[in-house]
$ cat upload_32.txt   # compact mmCIF, C-alpha atoms and all ligand atoms
# COMPACT_ATOMS: atom_id res chain seq x y z
CA MET Z 3 0.00 0.00 0.00
CA ASP Z 4 1.46 3.41 -0.78
CA THR Z 5 2.00 5.89 2.03
CA ASN Z 6 -0.76 8.20 0.81
CA VAL Z 7 -3.36 5.52 1.28
CA LEU Z 8 -1.93 4.66 4.70
CA ASN Z 9 -1.95 8.33 5.74
CA LYS Z 10 -5.56 8.67 4.66
CA GLU Z 11 -6.52 5.61 6.63
CA ALA Z 12 -4.69 6.85 9.72
CA GLU Z 13 -6.42 10.21 9.32
CA SER Z 14 -9.86 8.69 9.08
CA LYS Z 15 -9.35 6.58 12.23
CA SER Z 16 -8.24 9.50 14.38
CA ARG Z 17 -10.59 12.04 12.83
CA LEU Z 18 -13.88 12.77 14.60
CA LEU Z 19 -15.24 15.73 12.69
CA THR Z 20 -14.54 17.31 9.34
CA VAL Z 21 -16.28 20.52 8.31
CA ARG Z 22 -15.55 21.50 4.74
CA ASP Z 23 -16.45 24.79 3.05
CA LEU Z 24 -19.45 25.43 5.26
CA THR Z 25 -21.45 28.49 4.21
CA VAL Z 26 -24.48 29.56 6.24
CA SER Z 27 -26.67 32.51 5.31
CA PHE Z 28 -29.54 34.31 7.01
CA SER Z 29 -32.45 36.01 5.28
CA THR Z 30 -33.76 39.03 7.14
CA ASP Z 31 -35.98 42.02 6.32
CA ASP Z 32 -32.84 43.91 5.37
CA GLY Z 33 -31.57 41.24 3.00
CA THR Z 34 -29.45 38.12 3.05
CA PHE Z 35 -25.98 37.82 4.56
CA LYS Z 36 -23.42 35.12 5.16
CA ALA Z 37 -22.80 34.34 8.82
CA ALA Z 38 -20.27 31.60 8.01
CA ASP Z 39 -18.31 31.80 4.79
CA ARG Z 40 -16.52 28.68 3.51
CA VAL Z 41 -15.53 27.55 6.97
CA SER Z 42 -13.32 24.43 7.03
CA PHE Z 43 -11.80 22.72 10.05
CA HIS Z 44 -11.48 19.34 11.69
CA ILE Z 45 -11.40 17.85 15.17
CA GLU Z 46 -9.44 14.75 16.09
CA LYS Z 47 -10.74 12.16 18.53
CA GLY Z 48 -10.03 13.34 22.08
CA GLU Z 49 -8.93 16.79 20.95
CA ASN Z 50 -10.06 20.06 22.53
CA ILE Z 51 -10.43 22.95 20.12
CA GLY Z 52 -10.91 26.57 21.12
CA LEU Z 53 -12.97 28.72 18.75
CA VAL Z 54 -12.37 32.41 19.41
CA GLY Z 55 -13.22 35.79 17.90
CA GLU Z 56 -15.26 38.86 18.75
CA SER Z 57 -19.07 38.77 19.03
CA GLY Z 58 -20.95 38.33 15.79
CA CYS Z 59 -18.09 36.59 13.95
CA GLY Z 60 -20.05 33.39 13.30
CA LYS Z 61 -18.79 31.14 16.09
CA SER Z 62 -22.22 30.04 17.33
CA VAL Z 63 -23.52 29.66 13.79
CA THR Z 64 -20.57 27.39 12.98
CA ALA Z 65 -21.11 25.37 16.15
CA LEU Z 66 -24.87 25.02 15.64
CA SER Z 67 -24.33 23.84 12.09
CA ILE Z 68 -22.51 20.70 13.20
CA PRO Z 69 -25.63 18.91 14.50
CA LEU Z 70 -27.72 20.85 11.93
CA LEU Z 71 -29.37 23.06 14.54
CA ILE Z 72 -29.41 26.32 12.55
CA PRO Z 73 -32.93 27.75 12.83
CA SER Z 74 -34.42 27.61 9.37
CA PRO Z 75 -35.87 30.01 8.38
CA PRO Z 76 -34.13 32.44 8.66
CA GLY Z 77 -30.94 30.36 8.34
CA THR Z 78 -29.83 28.17 5.45
CA ILE Z 79 -26.77 25.96 5.10
CA GLU Z 80 -25.98 26.99 1.57
CA SER Z 81 -23.13 24.63 0.95
CA GLY Z 82 -20.49 22.51 2.59
CA GLU Z 83 -19.95 19.09 4.05
CA ILE Z 84 -20.03 17.89 7.65
CA TRP Z 85 -18.58 14.46 8.39
CA PHE Z 86 -18.91 13.06 11.89
CA ASP Z 87 -17.14 9.83 12.78
CA GLY Z 88 -17.14 8.85 9.11
CA LEU Z 89 -20.84 9.67 8.62
CA ASP Z 90 -22.25 12.38 6.37
CA ILE Z 91 -24.39 14.53 8.70
CA MET Z 92 -26.11 16.35 5.85
CA SER Z 93 -27.57 13.20 4.39
CA MET Z 94 -28.91 11.84 7.68
CA THR Z 95 -32.61 11.23 8.27
CA SER Z 96 -34.26 13.13 11.12
CA GLU Z 97 -34.22 9.90 13.22
CA GLN Z 98 -30.49 9.49 12.70
CA LEU Z 99 -29.93 13.13 13.59
CA GLN Z 100 -32.00 12.86 16.72
CA ASP Z 101 -30.01 9.83 17.76
CA ILE Z 102 -26.72 11.65 17.25
CA ARG Z 103 -27.80 14.78 19.12
CA GLY Z 104 -27.41 14.32 22.83
CA ARG Z 105 -25.84 10.88 22.58
CA ALA Z 106 -22.87 11.44 20.27
CA ILE Z 107 -22.83 15.24 20.09
CA SER Z 108 -23.95 17.21 23.11
CA MET Z 109 -24.17 20.92 23.66
CA ILE Z 110 -23.64 23.26 26.58
CA PHE Z 111 -25.00 26.75 25.96
CA GLN Z 112 -24.44 30.10 27.60
CA GLU Z 113 -28.03 30.21 28.77
CA PRO Z 114 -29.03 26.98 30.55
CA LEU Z 115 -32.68 28.00 30.38
CA SER Z 116 -32.55 27.76 26.60
CA ALA Z 117 -31.84 24.05 26.96
CA LEU Z 118 -34.06 23.29 29.96
CA SER Z 119 -37.81 23.46 29.75
CA PRO Z 120 -39.35 25.78 32.38
CA LEU Z 121 -42.47 23.58 32.52
CA HIS Z 122 -41.02 20.31 33.71
CA ARG Z 123 -39.14 19.19 36.76
CA ILE Z 124 -35.40 18.64 36.39
CA GLY Z 125 -35.59 14.89 37.03
CA ARG Z 126 -38.19 14.29 34.36
CA GLN Z 127 -36.18 16.24 31.78
CA ILE Z 128 -33.01 14.33 32.52
CA ILE Z 129 -34.53 10.88 32.46
CA GLU Z 130 -36.41 11.66 29.26
CA MET Z 131 -33.08 12.33 27.67
CA ILE Z 132 -31.51 9.18 29.09
CA LEU Z 133 -34.39 6.99 27.93
CA LEU Z 134 -34.31 8.50 24.47
CA HIS Z 135 -30.80 7.13 23.99
CA LYS Z 136 -30.34 4.27 26.44
CA ALA Z 137 -32.32 1.12 26.99
CA MET Z 138 -32.70 1.30 30.77
CA PRO Z 139 -35.55 0.68 33.21
CA GLN Z 140 -37.09 3.96 34.38
CA LYS Z 141 -36.03 3.39 37.98
CA GLU Z 142 -32.44 2.83 37.01
CA ALA Z 143 -32.51 5.95 34.81
CA TRP Z 144 -33.75 7.94 37.80
CA GLN Z 145 -30.86 6.69 39.93
CA PHE Z 146 -28.39 7.31 37.14
CA ALA Z 147 -29.63 10.92 36.82
CA GLU Z 148 -29.45 11.43 40.57
CA GLN Z 149 -25.87 10.15 40.66
CA TRP Z 150 -24.90 12.56 37.91
CA LEU Z 151 -26.41 15.50 39.74
CA SER Z 152 -24.27 14.59 42.73
CA LYS Z 153 -21.22 14.16 40.52
CA VAL Z 154 -21.53 17.70 39.17
CA GLY Z 155 -21.73 19.02 42.72
CA ILE Z 156 -25.43 19.58 43.19
CA PRO Z 157 -26.25 19.24 46.89
CA ASP Z 158 -29.34 17.23 47.89
CA ALA Z 159 -29.53 15.72 44.42
CA ALA Z 160 -32.49 13.47 45.31
CA ASP Z 161 -34.59 16.54 46.23
CA ARG Z 162 -33.33 18.65 43.34
CA MET Z 163 -34.69 16.08 40.90
CA PHE Z 164 -38.15 17.44 41.80
CA ALA Z 165 -37.23 21.12 41.37
CA TYR Z 166 -38.15 23.29 38.41
CA PRO Z 167 -35.22 25.00 36.66
CA PHE Z 168 -36.27 28.48 37.86
CA GLN Z 169 -35.94 27.33 41.46
CA LEU Z 170 -32.19 26.88 41.01
CA SER Z 171 -29.39 29.44 40.68
CA GLY Z 172 -27.71 30.05 37.30
CA GLY Z 173 -24.64 28.14 38.46
CA MET Z 174 -26.77 25.14 39.47
CA GLN Z 175 -28.69 25.23 36.18
CA GLN Z 176 -25.37 25.23 34.35
CA ARG Z 177 -24.21 22.20 36.36
CA ILE Z 178 -27.40 20.38 35.35
CA MET Z 179 -26.76 21.17 31.70
CA ILE Z 180 -23.20 19.91 32.07
CA ALA Z 181 -24.47 16.69 33.66
CA MET Z 182 -26.91 16.25 30.77
CA ALA Z 183 -24.17 16.96 28.24
CA LEU Z 184 -21.70 14.49 29.73
CA MET Z 185 -23.72 11.62 31.14
CA LEU Z 186 -24.25 9.80 27.85
CA GLU Z 187 -20.50 9.92 27.16
CA PRO Z 188 -20.71 11.79 23.85
CA ASN Z 189 -17.90 11.80 21.30
CA LEU Z 190 -18.12 15.56 20.92
CA ILE Z 191 -19.10 18.27 23.38
CA ILE Z 192 -19.87 21.66 21.92
CA ALA Z 193 -19.62 24.26 24.68
CA ASP Z 194 -20.72 27.69 23.47
CA GLU Z 195 -19.63 30.32 25.99
CA PRO Z 196 -20.69 27.99 28.79
CA THR Z 197 -19.83 30.39 31.60
CA THR Z 198 -20.43 33.88 30.20
CA ALA Z 199 -23.60 34.31 32.26
CA LEU Z 200 -21.94 33.28 35.52
CA ASP Z 201 -19.90 35.12 38.14
CA VAL Z 202 -16.12 34.69 38.06
CA THR Z 203 -15.90 32.15 40.90
CA THR Z 204 -18.63 29.97 39.43
CA GLN Z 205 -16.99 30.26 35.98
CA ALA Z 206 -13.79 28.73 37.31
CA GLN Z 207 -15.73 25.95 39.06
CA VAL Z 208 -17.68 25.11 35.91
CA PHE Z 209 -14.52 24.78 33.78
CA GLU Z 210 -12.88 22.69 36.49
CA LEU Z 211 -15.95 20.48 36.44
CA ILE Z 212 -15.93 20.05 32.66
CA ARG Z 213 -12.25 19.20 32.81
CA ALA Z 214 -12.70 16.67 35.59
CA MET Z 215 -15.79 15.01 34.13
CA LYS Z 216 -14.82 14.93 30.47
CA LYS Z 217 -13.43 11.61 29.36
CA LYS Z 218 -10.05 11.55 27.62
CA HIS Z 219 -11.48 10.24 24.37
CA THR Z 220 -14.22 12.89 24.24
CA SER Z 221 -13.50 15.83 21.93
CA MET Z 222 -14.61 19.36 22.69
CA LEU Z 223 -15.28 22.47 20.68
CA LEU Z 224 -15.09 25.29 23.20
CA ILE Z 225 -16.25 28.78 22.30
CA THR Z 226 -15.17 31.40 24.79
CA HIS Z 227 -14.01 35.00 25.05
CA ASP Z 228 -11.54 34.01 27.69
CA MET Z 229 -8.14 33.37 26.12
CA GLY Z 230 -6.82 32.19 29.50
CA VAL Z 231 -9.41 29.42 29.51
CA VAL Z 232 -8.49 28.50 25.93
CA TRP Z 233 -4.85 28.21 26.97
CA ASP Z 234 -5.81 25.98 29.90
CA MET Z 235 -8.29 23.73 28.11
CA CYS Z 236 -7.48 23.52 24.39
CA GLU Z 237 -4.73 21.97 22.30
CA ARG Z 238 -5.65 23.75 19.12
CA ILE Z 239 -7.22 27.13 18.38
CA ILE Z 240 -9.34 28.44 15.53
CA VAL Z 241 -9.75 32.20 15.15
CA MET Z 242 -12.83 33.52 13.33
CA TYR Z 243 -13.35 37.03 12.10
CA ALA Z 244 -16.47 38.31 10.35
CA SER Z 245 -17.73 34.93 9.10
CA ARG Z 246 -14.36 33.45 8.11
CA ILE Z 247 -11.58 31.47 9.73
CA VAL Z 248 -8.54 33.75 9.71
CA GLU Z 249 -6.05 31.60 11.59
CA SER Z 250 -5.70 28.15 13.10
CA GLY Z 251 -2.90 26.31 14.81
CA SER Z 252 -1.70 24.68 18.00
CA ARG Z 253 -2.21 26.77 21.10
CA GLU Z 254 1.56 27.36 21.24
CA ASP Z 255 1.55 28.59 17.61
CA ILE Z 256 -1.34 30.93 18.26
CA PHE Z 257 -0.10 32.32 21.56
CA SER Z 258 3.65 32.51 20.81
CA ASN Z 259 3.66 33.08 17.09
CA PRO Z 260 0.34 34.58 15.97
CA ARG Z 261 0.50 35.49 12.27
CA HIS Z 262 -2.80 37.16 11.41
CA PRO Z 263 -3.01 40.83 12.47
CA TYR Z 264 -6.46 40.07 13.94
CA THR Z 265 -5.10 37.29 16.16
CA ILE Z 266 -2.26 39.57 17.24
CA GLY Z 267 -4.87 42.20 18.17
CA LEU Z 268 -6.97 39.67 20.09
CA LEU Z 269 -3.96 38.57 22.12
CA GLU Z 270 -2.93 42.17 22.82
CA ALA Z 271 -6.44 42.79 24.10
CA ILE Z 272 -5.90 40.31 26.95
CA PRO Z 273 -5.45 42.40 30.10
CA LYS Z 274 -1.85 42.27 31.32
CA LEU Z 275 -0.73 43.22 34.77
CA THR Z 276 2.28 45.48 34.44
CA GLY Z 277 3.64 47.31 37.44
CA GLY Z 278 0.35 46.89 39.26
CA ARG Z 279 -1.67 48.47 36.46
CA THR Z 280 -3.95 46.61 34.08
CA GLN Z 281 -3.28 47.40 30.45
CA LEU Z 282 -5.97 46.71 27.89
CA LYS Z 283 -5.29 47.47 24.27
CA ASP Z 284 -8.38 47.38 22.10
CA ILE Z 285 -8.35 46.49 18.44
CA PRO Z 286 -9.32 49.82 16.81
CA GLY Z 287 -12.67 49.93 15.03
CA GLN Z 288 -15.50 47.41 15.16
CA VAL Z 289 -16.54 44.19 13.49
CA PRO Z 290 -18.40 45.38 10.36
CA SER Z 291 -22.08 44.59 9.89
CA PRO Z 292 -22.49 41.36 7.89
CA PHE Z 293 -24.36 43.40 5.28
CA ASP Z 294 -21.29 45.51 4.93
CA TYR Z 295 -18.34 43.15 4.81
CA PRO Z 296 -15.43 44.54 2.77
CA LYS Z 297 -14.97 43.04 -0.67
CA GLY Z 298 -11.55 41.53 0.00
CA CYS Z 299 -10.17 40.67 3.43
CA HIS Z 300 -12.88 41.26 6.03
CA PHE Z 301 -10.31 42.65 8.48
CA GLU Z 302 -8.85 45.08 5.97
CA LYS Z 303 -10.46 48.27 7.34
CA ARG Z 304 -9.11 47.66 10.86
CA CYS Z 305 -5.72 46.33 9.83
CA ALA Z 306 -2.52 48.32 10.37
CA PHE Z 307 -0.82 46.34 7.58
CA SER Z 308 -3.53 46.66 4.94
CA MET Z 309 -2.28 46.65 1.35
CA LYS Z 310 -4.07 47.51 -1.86
CA LYS Z 311 -4.68 43.87 -2.68
CA CYS Z 312 -6.44 43.32 0.66
CA MET Z 313 -9.28 45.62 -0.42
CA THR Z 314 -10.26 43.53 -3.39
CA GLU Z 315 -9.06 39.96 -2.81
CA ASN Z 316 -9.92 37.50 -0.08
CA PRO Z 317 -6.63 36.03 1.19
CA PRO Z 318 -6.57 32.21 1.27
CA LEU Z 319 -5.30 30.36 4.33
CA TYR Z 320 -1.53 30.15 3.86
CA ASP Z 321 0.56 27.48 5.58
CA CYS Z 322 2.95 29.11 8.01
CA GLY Z 323 4.24 26.06 9.86
CA THR Z 324 3.07 22.53 10.48
CA GLY Z 325 -0.67 22.70 11.03
CA HIS Z 326 -0.50 26.49 11.38
CA ARG Z 327 -2.42 28.55 8.84
CA ALA Z 328 -3.27 32.22 8.48
CA ALA Z 329 -5.45 34.01 5.93
CA CYS Z 330 -3.27 37.05 5.35
CA PHE Z 331 -1.35 38.20 2.27
CA LEU Z 332 1.59 38.98 4.57
CA MET Z 333 2.04 35.18 4.68
CA SER Z 334 2.18 34.83 0.91
CA GLY Z 335 5.91 35.60 0.84
CA SER Z 336 7.15 37.92 -1.88
CA SER Z 337 3.98 37.54 -3.96
CA GLY Z 338 2.06 39.82 -1.54
N1 LIG A 401 -31.21 33.29 14.09
C1 LIG A 401 -30.56 34.31 13.48
N2 LIG A 401 -31.20 35.16 12.65
C2 LIG A 401 -30.56 36.16 12.02
N3 LIG A 401 -29.25 36.40 12.17
C3 LIG A 401 -28.55 35.60 12.98
C4 LIG A 401 -29.16 34.51 13.69
N4 LIG A 401 -28.21 33.88 14.41
C5 LIG A 401 -27.06 34.55 14.18
N5 LIG A 401 -27.27 35.59 13.32
C6 LIG A 401 -26.25 36.53 12.82
O1 LIG A 401 -25.16 35.80 12.29
C7 LIG A 401 -23.94 36.45 12.61
C8 LIG A 401 -23.04 35.49 13.38
O2 LIG A 401 -23.65 35.26 14.65
P1 LIG A 401 -23.05 34.28 15.75
O3 LIG A 401 -22.60 33.03 15.12
O4 LIG A 401 -24.09 34.19 16.80
O5 LIG A 401 -21.79 35.10 16.28
P2 LIG A 401 -20.83 34.76 17.52
O6 LIG A 401 -21.30 33.49 18.11
O7 LIG A 401 -19.46 34.71 16.94
O8 LIG A 401 -20.98 35.93 18.45
C9 LIG A 401 -24.29 37.70 13.40
O9 LIG A 401 -24.33 38.79 12.51
C10 LIG A 401 -25.67 37.38 13.94
O10 LIG A 401 -26.43 38.55 14.12
MG MG A 402 -22.10 33.14 19.99
$ encode --input "upload_32.txt" --output "structure tokens"
Amino acid sequence: MDTNVLNKEAESKSRLLTVRDLTVSFSTDDGTFKAADRVSFHIEKGENIGLVGESGCGKSVTALSIPLLIPSPPGTIESGEIWFDGLDIMSMTSEQLQDIRGRAISMIFQEPLSALSPLHRIGRQIIEMILLHKAMPQKEAWQFAEQWLSKVGIPDAADRMFAYPFQLSGGMQQRIMIAMALMLEPNLIIADEPTTALDVTTQAQVFELIRAMKKKHTSMLLITHDMGVVWDMCERIIVMYASRIVESGSREDIFSNPRHPYTIGLLEAIPKLTGGRTQLKDIPGQVPSPFDYPKGCHFEKRCAFSMKKCMTENPPLYDCGTGHRAACFLMSGSSG
């Protein structure tokens, strides 16, 4: 067998998710825009990926596309491929999709109340999910749920099973969502700003919990504003700006050798403590409205290194090291 075939085989065994050229658009009263524009990335089995970028860049849209959860209308997956564990997500029947969601791919959102129904008691919601995916007697499912509530640090778990979500604090609701996301041992956890709504102490506890509970072979796509958390939790980082991936690489590449001016700006915006004073350097300007993206590089108007070409041409992702890529003409060598 030639090495190419062997490499491909090795890739397919270790590969959990491949997203290729994903384009998602939204139709609104003001017209149609692309929220994700030819987004391509992959996740290996057991790998933790951090997806970062300012608000409105298309991170949630990208994440929601994986289990085909884009609300439609107004959203449409215009093109692209999504392969999960060797299966083509886009050609799945609704039964197959329902089976995958929750069991193989689970989600943790910023707002736990968007995932929990306000009308039903916690226990009922959890066991419904267990029974949807696991053949288990109801009584056993109840015990299993109760054990998980204890595991994620919910005191008096047996009583809490009878509570309604609104009777619990935000931190407790988030713990319940984490229990629901982890208890079926999914292959992929998508955590979309899982702690943004929580106070700082609870944030740290929630990440500690995810880290402790997550199995080694489980992959994670973590969306967060907190670059410190990305450094702690993720092996690889994808940077999105205004609907496109602008850089991706190992966390060391991204933190020590960022190549895209946007990534450099993001890292400079992390507060640093120097001489007792906190310094925060903002990236000048704002993310443009998706109706108003520049014709060429979407970052061009905010970029200190902008060249003529950047105004009219969209830079491809250039290789700038093993597994490190940046969509900037500065990386194109002398041809820029
Ligand atoms: N359901 C929706 N309807 C219309 N526009 C949406 C919807 N969801 C997201 N968008 C738009 O798509 C773009 C990307 O959004 P999103 O993926 O949520 O950004 P991020 O998660 O990076 O903050 C934004 O301009 C946002 O307003
Ligand atoms: Mg988001």
$ residues_near_ligand --input "upload_32.txt" --ligand "ligand LIG 401 (chain A)" --cutoff "6 Å" --atoms "all atoms listed in the file" --output "list in words"
Phe28, Ala37, Ser57, Gly58, Cys59, Gly60, Lys61, Ser62, Val63, Pro73, Pro76 and Pro292 of chain Z
$ residues_around --input "upload_32.txt" --residues "Trp144 in chain Z" --least-positions-apart "2" --cutoff "12 Å" --atoms "all atoms listed in the file" --output "list in words"
Ile124, Gly125, Arg126, Gln127, Ile128, Ile129, Glu130, Met131, Ile132, Leu133, Met138, Pro139, Gln140, Lys141, Glu142, Phe146, Ala147, Glu148, Gln149, Trp150, Leu151, Ala159, Ala160, Met163 and Phe164 of chain Z
$ closest_residue --input "upload_32.txt" --among "Z:Glu270, Z:Glu83, Z:Glu56, Z:Asp294" --to "Ile225 in chain Z" --atoms "only C-alpha atoms"
Z:Glu56
$ atom_distance --input "upload_32.txt" --atom1 "CA of Gly48 in chain Z" --atom2 "CA of Pro318 in chain Z"
28.3 Å
$ axis_aligned_box --input "upload_32.txt" --around "range 146-165 of chain Z" --padding-each-side "4 Å" --output "JSON"
{"center_x": -29.7, "center_y": 14.2, "center_z": 42.4, "size_x": 24.9, "size_y": 21.8, "size_z": 19.1}
$ atom_distance --input "upload_32.txt" --atom1 "CA of Ala65 in chain Z" --atom2 "CA of Leu319 in chain Z"
20.4 Å
$ closest_residue --input "upload_32.txt" --among "Z:Ile192, Z:Ile107, Z:Ile285, Z:Ala143" --to "ligand MG 402 (chain A)" --atoms "all atoms listed in the file"
Z:Ile192
$ closest_atom_pairs --input "upload_32.txt" --of "range 192-272 of chain Z" --to "range 168-179 of chain Z" --cutoff "9 Å" --atoms "only C-alpha atoms" --output "JSON lines"
{"residue": "Z:Pro196", "atom": "CA", "partner": "Z:Gln176", "partner_atom": "CA", "distance": 7.8}
{"residue": "Z:Thr197", "atom": "CA", "partner": "Z:Gln176", "partner_atom": "CA", "distance": 8.1}
{"residue": "Z:Ala199", "atom": "CA", "partner": "Z:Gly172", "partner_atom": "CA", "distance": 7.8}
{"residue": "Z:Leu200", "atom": "CA", "partner": "Z:Gly173", "partner_atom": "CA", "distance": 6.5}
{"residue": "Z:Asp201", "atom": "CA", "partner": "Z:Gly173", "partner_atom": "CA", "distance": 8.4}
{"residue": "Z:Thr204", "atom": "CA", "partner": "Z:Gly173", "partner_atom": "CA", "distance": 6.4}
{"residue": "Z:Gln205", "atom": "CA", "partner": "Z:Gly173", "partner_atom": "CA", "distance": 8.3}
{"residue": "Z:Val208", "atom": "CA", "partner": "Z:Arg177", "partner_atom": "CA", "distance": 7.2}
{"residue": "Z:Leu211", "atom": "CA", "partner": "Z:Arg177", "partner_atom": "CA", "distance": 8.4}
$ write_last_selection --input "upload_32.txt" --atoms "C-alpha atoms" --output "CSV table (one decimal), in the frame of the given file"
chain,number,residue,atom,x,y,z
Z,196,PRO,CA,-20.7,28.0,28.8
Z,197,THR,CA,-19.8,30.4,31.6
Z,199,ALA,CA,-23.6,34.3,32.3
Z,200,LEU,CA,-21.9,33.3,35.5
Z,201,ASP,CA,-19.9,35.1,38.1
Z,204,THR,CA,-18.6,30.0,39.4
Z,205,GLN,CA,-17.0,30.3,36.0
Z,208,VAL,CA,-17.7,25.1,35.9
Z,211,LEU,CA,-16.0,20.5,36.4
$ decode --input "upload_32.txt" --residues "range 76-94 of chain Z" --atoms "N, CA and C atoms" --output "PDB file, in the first residue's frame"
ATOM      1  N   PRO Z  76     -34.721  31.666   9.756  1.00  0.00           N
ATOM      2  CA  PRO Z  76     -34.131  32.443   8.659  1.00  0.00           C
ATOM      3  C   PRO Z  76     -32.818  31.871   8.102  1.00  0.00           C
ATOM      4  N   GLY Z  77     -32.267  30.819   8.755  1.00  0.00           N
ATOM      5  CA  GLY Z  77     -30.938  30.360   8.336  1.00  0.00           C
ATOM      6  C   GLY Z  77     -30.988  29.279   7.262  1.00  0.00           C
ATOM      7  N   THR Z  78     -29.954  29.230   6.442  1.00  0.00           N
ATOM      8  CA  THR Z  78     -29.825  28.165   5.450  1.00  0.00           C
ATOM      9  C   THR Z  78     -28.359  27.745   5.377  1.00  0.00           C
ATOM     10  N   ILE Z  79     -28.124  26.434   5.414  1.00  0.00           N
ATOM     11  CA  ILE Z  79     -26.774  25.958   5.102  1.00  0.00           C
ATOM     12  C   ILE Z  79     -26.704  25.918   3.587  1.00  0.00           C
ATOM     13  N   GLU Z  80     -25.981  26.850   3.022  1.00  0.00           N
ATOM     14  CA  GLU Z  80     -25.980  26.986   1.567  1.00  0.00           C
ATOM     15  C   GLU Z  80     -25.130  25.931   0.895  1.00  0.00           C
ATOM     16  N   SER Z  81     -24.005  25.638   1.537  1.00  0.00           N
ATOM     17  CA  SER Z  81     -23.130  24.626   0.954  1.00  0.00           C
ATOM     18  C   SER Z  81     -22.189  24.106   2.015  1.00  0.00           C
ATOM     19  N   GLY Z  82     -21.483  23.059   1.677  1.00  0.00           N
ATOM     20  CA  GLY Z  82     -20.493  22.508   2.586  1.00  0.00           C
ATOM     21  C   GLY Z  82     -20.776  21.058   2.922  1.00  0.00           C
ATOM     22  N   GLU Z  83     -19.818  20.481   3.622  1.00  0.00           N
ATOM     23  CA  GLU Z  83     -19.953  19.086   4.049  1.00  0.00           C
ATOM     24  C   GLU Z  83     -19.621  19.003   5.526  1.00  0.00           C
ATOM     25  N   ILE Z  84     -20.337  18.134   6.240  1.00  0.00           N
ATOM     26  CA  ILE Z  84     -20.031  17.886   7.650  1.00  0.00           C
ATOM     27  C   ILE Z  84     -19.970  16.372   7.839  1.00  0.00           C
ATOM     28  N   TRP Z  85     -18.780  15.899   8.170  1.00  0.00           N
ATOM     29  CA  TRP Z  85     -18.584  14.463   8.386  1.00  0.00           C
ATOM     30  C   TRP Z  85     -18.295  14.223   9.842  1.00  0.00           C
ATOM     31  N   PHE Z  86     -19.088  13.348  10.468  1.00  0.00           N
ATOM     32  CA  PHE Z  86     -18.914  13.063  11.886  1.00  0.00           C
ATOM     33  C   PHE Z  86     -18.673  11.572  12.064  1.00  0.00           C
ATOM     34  N   ASP Z  87     -17.498  11.230  12.573  1.00  0.00           N
ATOM     35  CA  ASP Z  87     -17.144   9.832  12.784  1.00  0.00           C
ATOM     36  C   ASP Z  87     -17.393   9.004  11.513  1.00  0.00           C
ATOM     37  N   GLY Z  88     -17.010   9.556  10.389  1.00  0.00           N
ATOM     38  CA  GLY Z  88     -17.144   8.849   9.113  1.00  0.00           C
ATOM     39  C   GLY Z  88     -18.526   8.917   8.491  1.00  0.00           C
ATOM     40  N   LEU Z  89     -19.472   9.605   9.152  1.00  0.00           N
ATOM     41  CA  LEU Z  89     -20.836   9.675   8.619  1.00  0.00           C
ATOM     42  C   LEU Z  89     -21.137  11.078   8.092  1.00  0.00           C
ATOM     43  N   ASP Z  90     -21.899  11.115   7.009  1.00  0.00           N
ATOM     44  CA  ASP Z  90     -22.248  12.376   6.372  1.00  0.00           C
ATOM     45  C   ASP Z  90     -23.497  12.954   7.055  1.00  0.00           C
ATOM     46  N   ILE Z  91     -23.282  13.955   7.910  1.00  0.00           N
ATOM     47  CA  ILE Z  91     -24.388  14.526   8.697  1.00  0.00           C
ATOM     48  C   ILE Z  91     -25.507  15.067   7.800  1.00  0.00           C
ATOM     49  N   MET Z  92     -25.112  15.690   6.697  1.00  0.00           N
ATOM     50  CA  MET Z  92     -26.110  16.353   5.853  1.00  0.00           C
ATOM     51  C   MET Z  92     -27.074  15.377   5.178  1.00  0.00           C
ATOM     52  N   SER Z  93     -26.649  14.116   5.055  1.00  0.00           N
ATOM     53  CA  SER Z  93     -27.573  13.203   4.388  1.00  0.00           C
ATOM     54  C   SER Z  93     -28.305  12.305   5.389  1.00  0.00           C
ATOM     55  N   MET Z  94     -28.239  12.669   6.671  1.00  0.00           N
ATOM     56  CA  MET Z  94     -28.914  11.840   7.683  1.00  0.00           C
ATOM     57  C   MET Z  94     -30.419  12.094   7.716  1.00  0.00           C
TER      58      MET Z  94
END
